[in-house]
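Enquirer: I'd like to ask you about the structure that follows.
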Amino acid sequence: MAGASLAAQAQQPVAIGVIGLGLRSSAHLDAFRKLAEAKVAALSDVDSARMAKVNEGLPSKAATYTDYRELIRDKNVGVVVIVTPPYLHHEMTMEALRAGKDVLVEKPMASTYAQAAEIQREARRSGRIVAVGMQRRYSRNDAEYQQVIDSGQIGPIRLITYHEFRGDWNPRTALYTDPATGKTASWRFSKKAAGSSELEFSVHAFAMVTNMVKAPLARLAASGGVVHYTGRDTRDVSTIIADFSSGARLDYSFSCFAPGGGSACIVLGDKGVLRREQGKLIIFGDGKPRAAEIDAGRLPAEDPEVLMYREFFRNVRERRPSPLGPDAAIEASKIAYAAEISISENRIVTAKDFA
Ligand SMILES: NC(=O)c1ccc[n+]([C@@H]2O[C@H](COP(=O)([O-])OP(=O)(O)OC[C@H]3O[C@@H](n4cnc5c(N)ncnc54)[C@H](O)[C@@H]3O)[C@@H](O)[C@H]2O)c1
């Protein structure tokens with residue numbers, strides 16, 4: 001009986017309302033197509049033509065709202081998925097939680113530490129399930145690193161050196177008008193709208209780092225600026241040095257004017273150095289370099305977004321906190337919040353800044 005009722009429960013559709021139907025929303029909608037329990041019940045975007053087009057592509061028509069508050073109030077919606085520019089994440093998440101909805105909000109969770117902490121408190125108070133769309137946890141790359149670190153093959157982590165050098169942001173994103181200056185540009189060019197480049201982009205790498213290190217940030221210093229482009233205030237280059245309370249260190253660099261610059265993550269442990277060479281994770285140490293031992297059976301076998309939603313829907317059904325919940329998201333975001341403070345206030349940031 002118990003087994004049968006659990007199976008029936010597992011097939012209960014999850015009624016989803018999606019707010020924000022720009023570039024990133026297609027990855028969410030693709031995942032829903034692959035998950036039998038996902039039912040898109042409502043859509044919201046300020047661009048009604050875009051919304052109508054998305055609705056046409058759904059297997060059954062959803063309610064549409066240009067005012068996202070109406071989607072949040074819709075009684076047919078149980079889970080609110082927020083895929084709007086970052087400056088809207090805090091208010092939309094807070095309203096959805098207060099209306100009794102579970103929420104999956106795209107990264108970054110919120111533009112400031114204070115806003116992220118408020119979401120964390122509201123999620124705890126309301127008992128709603130919150131996840132932040134840091135799907136790389138379910139990617140093969142990150143899962144392989146995590147397995148090797150957790151297995152102790154390179155011993156305790158002493159230093160992570162990580163760089164991500166990419167080209168410029170996609171120019172087709174929604175526009176943001178700064179109410180103070182009236183200036184209109186892609187939201188990714190504005191700190192008010194994006195938070196910072198590190199918060200918007202590097203937070204995926206920071207989540208990987210904090211998952212590997214498993215210790216809070218102790219202190220951080222950063223340098224960066226807008227050196228290549230004009231007419232924007234989100235940095236195009238930065239470098240960060242961070243210490244964690246475990247004694248692990250991070251040395252991270254970012255740039256968005258170096259298409260093809262690539263990315264690399266090298267982890268130094270007491271027993272070896274882990275890095276990816278020609279697609280494979282290799283450990284360098286005494287003797288010959290050797291392939292890291294990886295249990296292929298425990299690696300992700302589906303798209304990260306599909307796996308993210310499988311786990312999120314299970315968390316919603318079972319009322320269990322998500323591994324992508326506010327605690328994990330805040331720990332990763334702290335590196336970006338601290339970098340912003342360090343650069344703008346020209347100082348070292350410590351754990352006290354987040355007390
Ligand atoms: N997890 C990832 O790998 C990943 C990748 C890309 C983007 N993202 C995140 O996804 C989010 C959206 O990014 P994007 O590239 O899709 O941006 P986008 O500009 O392409 O899309 C944003 C959409 O939100 C809509 N919107 C703006 N204000 C709104 C409002 N008040 N109500 C309803 N809709 C509104 C816009 O009209 C637009 O359709 C950002 O937080 C970004 O950081 C995550």
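Quick note on naming: the chains in the structure tokens go A, B, ... in the order shown, residues restart at 1 in each chain, and ligands are numbered from 1 in order of appearance.
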Residues within 8 Å of ligand 1 (only C-alpha atoms and all ligand atoms), as a count of residues only?

Expert: 41

Enquirer: Show which residues sit within 10 Å of Ala110 (chain A), as a PDB file with N, CA and C atoms, in the first residue's frame. Count only C-alpha atoms, and ignore same-chain residues fewer than 5 positions away.

Expert:
ATOM      1  N   PRO A  86      18.972  39.377 -12.687  1.00  0.00           N
ATOM      2  CA  PRO A  86      19.203  39.227 -11.253  1.00  0.00           C
ATOM      3  C   PRO A  86      18.569  40.275 -10.340  1.00  0.00           C
ATOM      4  N   TYR A  87      18.462  41.540 -10.796  1.00  0.00           N
ATOM      5  CA  TYR A  87      17.947  42.569  -9.877  1.00  0.00           C
ATOM      6  C   TYR A  87      16.495  42.315  -9.472  1.00  0.00           C
ATOM      7  N   LEU A  88      15.818  41.402 -10.185  1.00  0.00           N
ATOM      8  CA  LEU A  88      14.422  41.090  -9.849  1.00  0.00           C
ATOM      9  C   LEU A  88      14.287  39.840  -8.975  1.00  0.00           C
ATOM     10  N   HIS A  89      15.392  39.099  -8.782  1.00  0.00           N
ATOM     11  CA  HIS A  89      15.293  37.802  -8.096  1.00  0.00           C
ATOM     12  C   HIS A  89      14.804  37.932  -6.661  1.00  0.00           C
ATOM     13  N   HIS A  90      15.318  38.925  -5.936  1.00  0.00           N
ATOM     14  CA  HIS A  90      14.967  39.054  -4.518  1.00  0.00           C
ATOM     15  C   HIS A  90      13.469  39.325  -4.353  1.00  0.00           C
ATOM     16  N   GLU A  91      12.976  40.356  -5.043  1.00  0.00           N
ATOM     17  CA  GLU A  91      11.561  40.704  -4.817  1.00  0.00           C
ATOM     18  C   GLU A  91      10.644  39.587  -5.311  1.00  0.00           C
ATOM     19  N   THR A  93      11.314  36.305  -5.568  1.00  0.00           N
ATOM     20  CA  THR A  93      11.418  35.127  -4.686  1.00  0.00           C
ATOM     21  C   THR A  93      10.681  35.381  -3.378  1.00  0.00           C
ATOM     22  N   VAL A 105      14.909  29.648  -8.371  1.00  0.00           N
ATOM     23  CA  VAL A 105      15.320  30.938  -8.938  1.00  0.00           C
ATOM     24  C   VAL A 105      16.677  30.753  -9.596  1.00  0.00           C
ATOM     25  N   GLN A 115      20.138  40.837   0.808  1.00  0.00           N
ATOM     26  CA  GLN A 115      18.933  40.291   0.153  1.00  0.00           C
ATOM     27  C   GLN A 115      18.947  38.764   0.173  1.00  0.00           C
ATOM     28  N   ALA A 116      20.132  38.177  -0.064  1.00  0.00           N
ATOM     29  CA  ALA A 116      20.228  36.707  -0.063  1.00  0.00           C
ATOM     30  C   ALA A 116      19.906  36.171   1.327  1.00  0.00           C
ATOM     31  N   ALA A 117      20.414  36.862   2.363  1.00  0.00           N
ATOM     32  CA  ALA A 117      20.160  36.417   3.740  1.00  0.00           C
ATOM     33  C   ALA A 117      18.674  36.535   4.080  1.00  0.00           C
ATOM     34  N   GLU A 118      18.007  37.540   3.517  1.00  0.00           N
ATOM     35  CA  GLU A 118      16.566  37.698   3.777  1.00  0.00           C
ATOM     36  C   GLU A 118      15.785  36.527   3.150  1.00  0.00           C
ATOM     37  N   ILE A 119      16.188  36.128   1.954  1.00  0.00           N
ATOM     38  CA  ILE A 119      15.538  34.972   1.309  1.00  0.00           C
ATOM     39  C   ILE A 119      15.780  33.714   2.152  1.00  0.00           C
ATOM     40  N   VAL A 132      18.462  27.291  -6.053  1.00  0.00           N
ATOM     41  CA  VAL A 132      19.053  28.304  -6.934  1.00  0.00           C
ATOM     42  C   VAL A 132      19.688  27.562  -8.117  1.00  0.00           C
ATOM     43  N   ALA A 194      22.792  43.467 -12.708  1.00  0.00           N
ATOM     44  CA  ALA A 194      23.442  42.142 -12.709  1.00  0.00           C
ATOM     45  C   ALA A 194      24.097  41.812 -11.372  1.00  0.00           C
ATOM     46  N   GLY A 195      24.336  42.809 -10.537  1.00  0.00           N
ATOM     47  CA  GLY A 195      25.103  42.600  -9.297  1.00  0.00           C
ATOM     48  C   GLY A 195      26.571  42.839  -9.588  1.00  0.00           C
ATOM     49  N   LEU A 199      29.326  37.751  -9.772  1.00  0.00           N
ATOM     50  CA  LEU A 199      28.097  37.211  -9.185  1.00  0.00           C
ATOM     51  C   LEU A 199      27.240  36.546 -10.266  1.00  0.00           C
ATOM     52  N   GLU A 200      27.208  37.171 -11.427  1.00  0.00           N
ATOM     53  CA  GLU A 200      26.341  36.686 -12.505  1.00  0.00           C
ATOM     54  C   GLU A 200      26.957  35.466 -13.195  1.00  0.00           C
ATOM     55  N   ALA A 329      23.838  28.371  -1.851  1.00  0.00           N
ATOM     56  CA  ALA A 329      23.933  29.496  -2.796  1.00  0.00           C
ATOM     57  C   ALA A 329      24.650  30.677  -2.148  1.00  0.00           C
ATOM     58  N   ILE A 330      24.368  30.905  -0.869  1.00  0.00           N
ATOM     59  CA  ILE A 330      25.007  32.045  -0.192  1.00  0.00           C
ATOM     60  C   ILE A 330      26.509  31.804  -0.064  1.00  0.00           C
ATOM     61  N   SER A 333      27.987  32.551  -3.384  1.00  0.00           N
ATOM     62  CA  SER A 333      27.846  33.968  -3.756  1.00  0.00           C
ATOM     63  C   SER A 333      28.740  34.874  -2.923  1.00  0.00           C
TER      64      SER A 333
END

Enquirer: Would you compute the distance between CA of Lys271 (chain A) and CA of Ser253 (chain A)? Give it in Å to one decimal.

Expert: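 Rounded to one decimal, the two atoms are 24.9 Å apart.
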
Enquirer: When you look at Lys191 (chain A) with a cut-off of 9 Å (counting only C-alpha atoms), what residues show up, excluding the ones that are within fewer than 2 positions of it in the same chain? I need them as a ChimeraX atom specification.

Expert: /A:111,187-189,193-197,232-235

Enquirer: Which polymer residues have any atom within 9 Å of an atom of Arg69 (chain A), counting only C-alpha atoms, with same-chain residues fewer than 3 positions away left out, as a VMD selection string?

Expert: chain A and resid 65 to 66 72 to 74 92 95 to 96

Enquirer: Quick one: write out the picked residues with N, CA and C atoms as a tab-separated table (two decimals), in the first residue's frame?

Expert:
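Dumped everything to out-v7.tsv:
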chain	number	residue	atom	x	y	z
A	65	TYR	N	0.63	36.03	-18.09
A	65	TYR	CA	0.51	37.26	-17.30
A	65	TYR	C	1.68	38.19	-17.63
A	66	THR	N	1.38	39.43	-17.97
A	66	THR	CA	2.50	40.37	-18.11
A	66	THR	C	2.93	40.90	-16.73
A	72	ILE	N	2.13	34.70	-9.53
A	72	ILE	CA	2.37	34.24	-8.16
A	72	ILE	C	1.04	33.99	-7.44
A	73	ARG	N	0.04	34.80	-7.74
A	73	ARG	CA	-1.28	34.63	-7.07
A	73	ARG	C	-2.08	33.47	-7.67
A	74	ASP	N	-1.70	33.00	-8.85
A	74	ASP	CA	-2.47	31.96	-9.56
A	74	ASP	C	-2.51	30.68	-8.71
A	92	MET	N	10.98	38.96	-6.42
A	92	MET	CA	10.10	37.90	-6.96
A	92	MET	C	10.12	36.67	-6.06
A	95	GLU	N	8.20	37.42	-2.79
A	95	GLU	CA	6.74	37.43	-2.99
A	95	GLU	C	6.21	36.02	-3.18
A	96	ALA	N	6.95	35.19	-3.92
A	96	ALA	CA	6.50	33.81	-4.15
A	96	ALA	C	6.49	33.03	-2.83

Enquirer: So that I can check the secondary structure, give me every residue of region 87-244 of chain A assigned alpha helix (DSSP H) by backbone DSSP, as a PyMOL selection string.

Expert: chain A and resi 89-98+113-126+140-150+191-194+197+203-213
